[in-house]
Amino acid sequence: MSEKSTKVRESSSYLIFKIFNTIFMILICVVTLYPFLYLVSQSFSSEQAIMQGKVTLLPVDFNISTYKSVLAKGDFLRSYKNTLIYSVIGTVLAVLLSCFLAYPLSKKELKANKFITKFVIFTMYFGGGLIPNYVLMQRLHLVNHVAGFLIPSLLSTYYIILMKSFFQDTPKELEEAGELDGLSPIGIFFKIVFPLSMPIIATMILFNAVGYWNNWYNSFLYLDKKEMWPVAYYLRTIITGASTSADPGEASAEKLQIAANIKSCSMVLMALPIICVYPFVQKYYVQGMMLGGVKE
């Protein structure tokens, strides 16, 4: 009887835990989703409803005039195309370069391994500064060039350390088998190590893609030509223009409406592609963060 009563108590305790855990997770989901749903609702609502605080999770005085205004601008689609190109090229280069640096550093037999690792970590805490970086980019003729937008964000010390830690867990026996089959170090990496590292590779792709997609600061510094702007910087100029536009008393109702909810519209347009892509790489993201944890 005592064993049965213990099992009953354990099952009852576990049931209570599941109930509270479910409630807690639902609350987290609500807190996480509410800001985005509120932004979406604002972007489809009228300026008057927003100013009066009537907008919650559902649009009030539903309209799409703000979206029409943003999408009708001739430069918007071009900026979106620029962002797509920059994100793809930058992500591919960033992941490859991070792999090419992290993989050798994961080998303890590499000469000067500790020195190079410390040098890489040093760059996490100390930088050249804004003005020296701009002067360098200018002297390299990278201002108003695609490379001027891509290069400053190509390598991240944190990502390199994360990948290095992951590569250290790769079974050495597989690499030794590749050597016996006549594979070169590059062949071992691409045919053995790289396929086994898809969780961390997918994580790095997600991180870098999000970073390039949301990056407006590099374009603010190094891209003066409007036709080269990414969508993040382009939308920032729209928001700034809406916030600092001329005398509101002379503005039409449509302009006032756009000035009130253009920020929400811009945020939705910026976040939508990432939200669509994230579910497909979520499992790799979780695996990569768990398996690629920094270890000593």
# chains A, B, ... in the order shown; residues from 1 in each chain; ligands from 1

call {"tool": "residues_around", "arguments": {"residues": "region 94-98 of chain A", "least_positions_apart": "4", "cutoff": "7 Å", "atoms": "only C-alpha atoms", "output": "JSON, numbers by chain"}}
result
{"A": [90, 102, 154, 155, 160, 204, 205]}

call {"tool": "write_last_selection", "arguments": {"atoms": "C-alpha atoms", "output": "PDB file, in the first residue's frame"}}
result
ATOM      1  CA  GLY A  90      27.091  38.550 -46.412  1.00  0.00           C
ATOM      2  CA  ALA A 102      37.159  28.409 -36.077  1.00  0.00           C
ATOM      3  CA  LEU A 154      31.737  39.644 -41.641  1.00  0.00           C
ATOM      4  CA  LEU A 155      33.389  38.217 -38.521  1.00  0.00           C
ATOM      5  CA  ILE A 160      33.877  32.096 -33.909  1.00  0.00           C
ATOM      6  CA  MET A 204      25.212  30.925 -37.693  1.00  0.00           C
ATOM      7  CA  ILE A 205      23.212  31.376 -40.899  1.00  0.00           C
TER       8      ILE A 205
END

call {"tool": "residues_around", "arguments": {"residues": "Lys108 (chain A)", "least_positions_apart": "4", "cutoff": "12 Å", "atoms": "only C-alpha atoms", "output": "PDB file with C-alpha atoms, in the first residue's frame"}}
result
ATOM      1  CA  ALA A 102      37.159  28.409 -36.077  1.00  0.00           C
ATOM      2  CA  TYR A 103      38.044  24.966 -37.454  1.00  0.00           C
ATOM      3  CA  PRO A 104      41.859  25.376 -37.314  1.00  0.00           C
ATOM      4  CA  ALA A 112      50.377  29.392 -31.980  1.00  0.00           C
ATOM      5  CA  ASN A 113      46.822  28.199 -31.280  1.00  0.00           C
ATOM      6  CA  LYS A 114      46.617  29.916 -27.905  1.00  0.00           C
ATOM      7  CA  PHE A 115      48.119  33.151 -29.207  1.00  0.00           C
ATOM      8  CA  ILE A 116      45.724  33.376 -32.168  1.00  0.00           C
ATOM      9  CA  THR A 117      42.760  32.515 -29.949  1.00  0.00           C
ATOM     10  CA  LYS A 164      35.304  26.513 -32.349  1.00  0.00           C
ATOM     11  CA  SER A 165      33.715  24.896 -29.318  1.00  0.00           C
ATOM     12  CA  PHE A 167      34.198  21.690 -33.856  1.00  0.00           C
ATOM     13  CA  GLN A 168      36.153  20.440 -30.852  1.00  0.00           C
TER      14      GLN A 168
END

call {"tool": "residues_around", "arguments": {"residues": "Lys226 (chain A)", "least_positions_apart": "3", "cutoff": "10 Å", "atoms": "only C-alpha atoms", "output": "PDB file with N, CA, C and O atoms, in the first residue's frame"}}
result
ATOM      1  N   ASP A  75      11.547  53.635 -54.412  1.00  0.00           N
ATOM      2  CA  ASP A  75      12.808  53.154 -53.860  1.00  0.00           C
ATOM      3  C   ASP A  75      12.638  51.974 -52.908  1.00  0.00           C
ATOM      4  O   ASP A  75      13.623  51.327 -52.547  1.00  0.00           O
ATOM      5  N   ARG A  78      13.428  48.490 -54.471  1.00  0.00           N
ATOM      6  CA  ARG A  78      14.862  48.445 -54.765  1.00  0.00           C
ATOM      7  C   ARG A  78      15.673  48.234 -53.491  1.00  0.00           C
ATOM      8  O   ARG A  78      16.624  47.445 -53.467  1.00  0.00           O
ATOM      9  N   SER A  79      15.274  48.915 -52.420  1.00  0.00           N
ATOM     10  CA  SER A  79      15.961  48.733 -51.146  1.00  0.00           C
ATOM     11  C   SER A  79      15.756  47.324 -50.604  1.00  0.00           C
ATOM     12  O   SER A  79      16.666  46.729 -50.019  1.00  0.00           O
ATOM     13  N   ASN A 144      30.662  53.791 -50.430  1.00  0.00           N
ATOM     14  CA  ASN A 144      29.737  53.693 -51.569  1.00  0.00           C
ATOM     15  C   ASN A 144      30.028  52.459 -52.421  1.00  0.00           C
ATOM     16  O   ASN A 144      29.946  52.488 -53.648  1.00  0.00           O
ATOM     17  N   SER A 219      25.319  51.144 -43.538  1.00  0.00           N
ATOM     18  CA  SER A 219      24.892  51.971 -44.675  1.00  0.00           C
ATOM     19  C   SER A 219      24.879  53.447 -44.294  1.00  0.00           C
ATOM     20  O   SER A 219      25.168  54.312 -45.124  1.00  0.00           O
ATOM     21  N   LEU A 223      27.490  54.217 -47.002  1.00  0.00           N
ATOM     22  CA  LEU A 223      26.732  54.271 -48.256  1.00  0.00           C
ATOM     23  C   LEU A 223      25.995  55.606 -48.351  1.00  0.00           C
ATOM     24  O   LEU A 223      25.009  55.831 -47.655  1.00  0.00           O
ATOM     25  N   TRP A 229      21.059  51.814 -50.693  1.00  0.00           N
ATOM     26  CA  TRP A 229      20.589  51.643 -49.317  1.00  0.00           C
ATOM     27  C   TRP A 229      19.856  50.318 -49.129  1.00  0.00           C
ATOM     28  O   TRP A 229      19.086  49.895 -49.996  1.00  0.00           O
ATOM     29  N   PRO A 230      20.074  49.644 -47.993  1.00  0.00           N
ATOM     30  CA  PRO A 230      19.230  48.491 -47.630  1.00  0.00           C
ATOM     31  C   PRO A 230      17.900  48.979 -47.095  1.00  0.00           C
ATOM     32  O   PRO A 230      17.733  50.159 -46.760  1.00  0.00           O
ATOM     33  N   TYR A 233      17.760  50.868 -43.563  1.00  0.00           N
ATOM     34  CA  TYR A 233      18.134  52.280 -43.545  1.00  0.00           C
ATOM     35  C   TYR A 233      17.116  53.122 -44.301  1.00  0.00           C
ATOM     36  O   TYR A 233      16.815  54.258 -43.914  1.00  0.00           O
ATOM     37  N   TYR A 234      16.574  52.566 -45.364  1.00  0.00           N
ATOM     38  CA  TYR A 234      15.561  53.289 -46.128  1.00  0.00           C
ATOM     39  C   TYR A 234      14.319  53.561 -45.271  1.00  0.00           C
ATOM     40  O   TYR A 234      13.796  54.678 -45.243  1.00  0.00           O
TER      41      TYR A 234
END

call {"tool": "closest_residue", "arguments": {"among": "A:Thr83, A:Gln42, A:Gln52, A:Ser184", "to": "Tyr67 (chain A)", "atoms": "only C-alpha atoms"}}
result
A:Gln42

call {"tool": "closest_residue", "arguments": {"among": "A:Ala147, A:Ile186, A:Leu71, A:Val92", "to": "Ile201 (chain A)", "atoms": "only C-alpha atoms"}}
result
A:Val92

call {"tool": "closest_residue", "arguments": {"among": "A:Phe189, A:Val30, A:Lys81, A:Ala232", "to": "Cys99 (chain A)", "atoms": "only C-alpha atoms"}}
result
A:Phe189

call {"tool": "residues_around", "arguments": {"residues": "Val210 (chain A)", "least_positions_apart": "3", "cutoff": "10 Å", "atoms": "only C-alpha atoms", "output": "PyMOL selection string"}}
result
chain A and resi 87+91+204-207+213-215+271+273-274+278

call {"tool": "select_by_dssp", "arguments": {"residues": "region 60-179 of chain A", "states": "alpha helix (DSSP H)", "output": "PyMOL selection string"}}
result
chain A and resi 65-72+74-105+113-125+130-139+146-150+157-167+172-179

call {"tool": "closest_residue", "arguments": {"among": "A:Tyr34, A:Thr56, A:Tyr222, A:Ile192", "to": "His141 (chain A)", "atoms": "only C-alpha atoms"}}
result
A:Tyr222

call {"tool": "atom_distance", "arguments": {"atom1": "CA of Leu162 (chain A)", "atom2": "CA of Met25 (chain A)"}}
result
28.1 Å
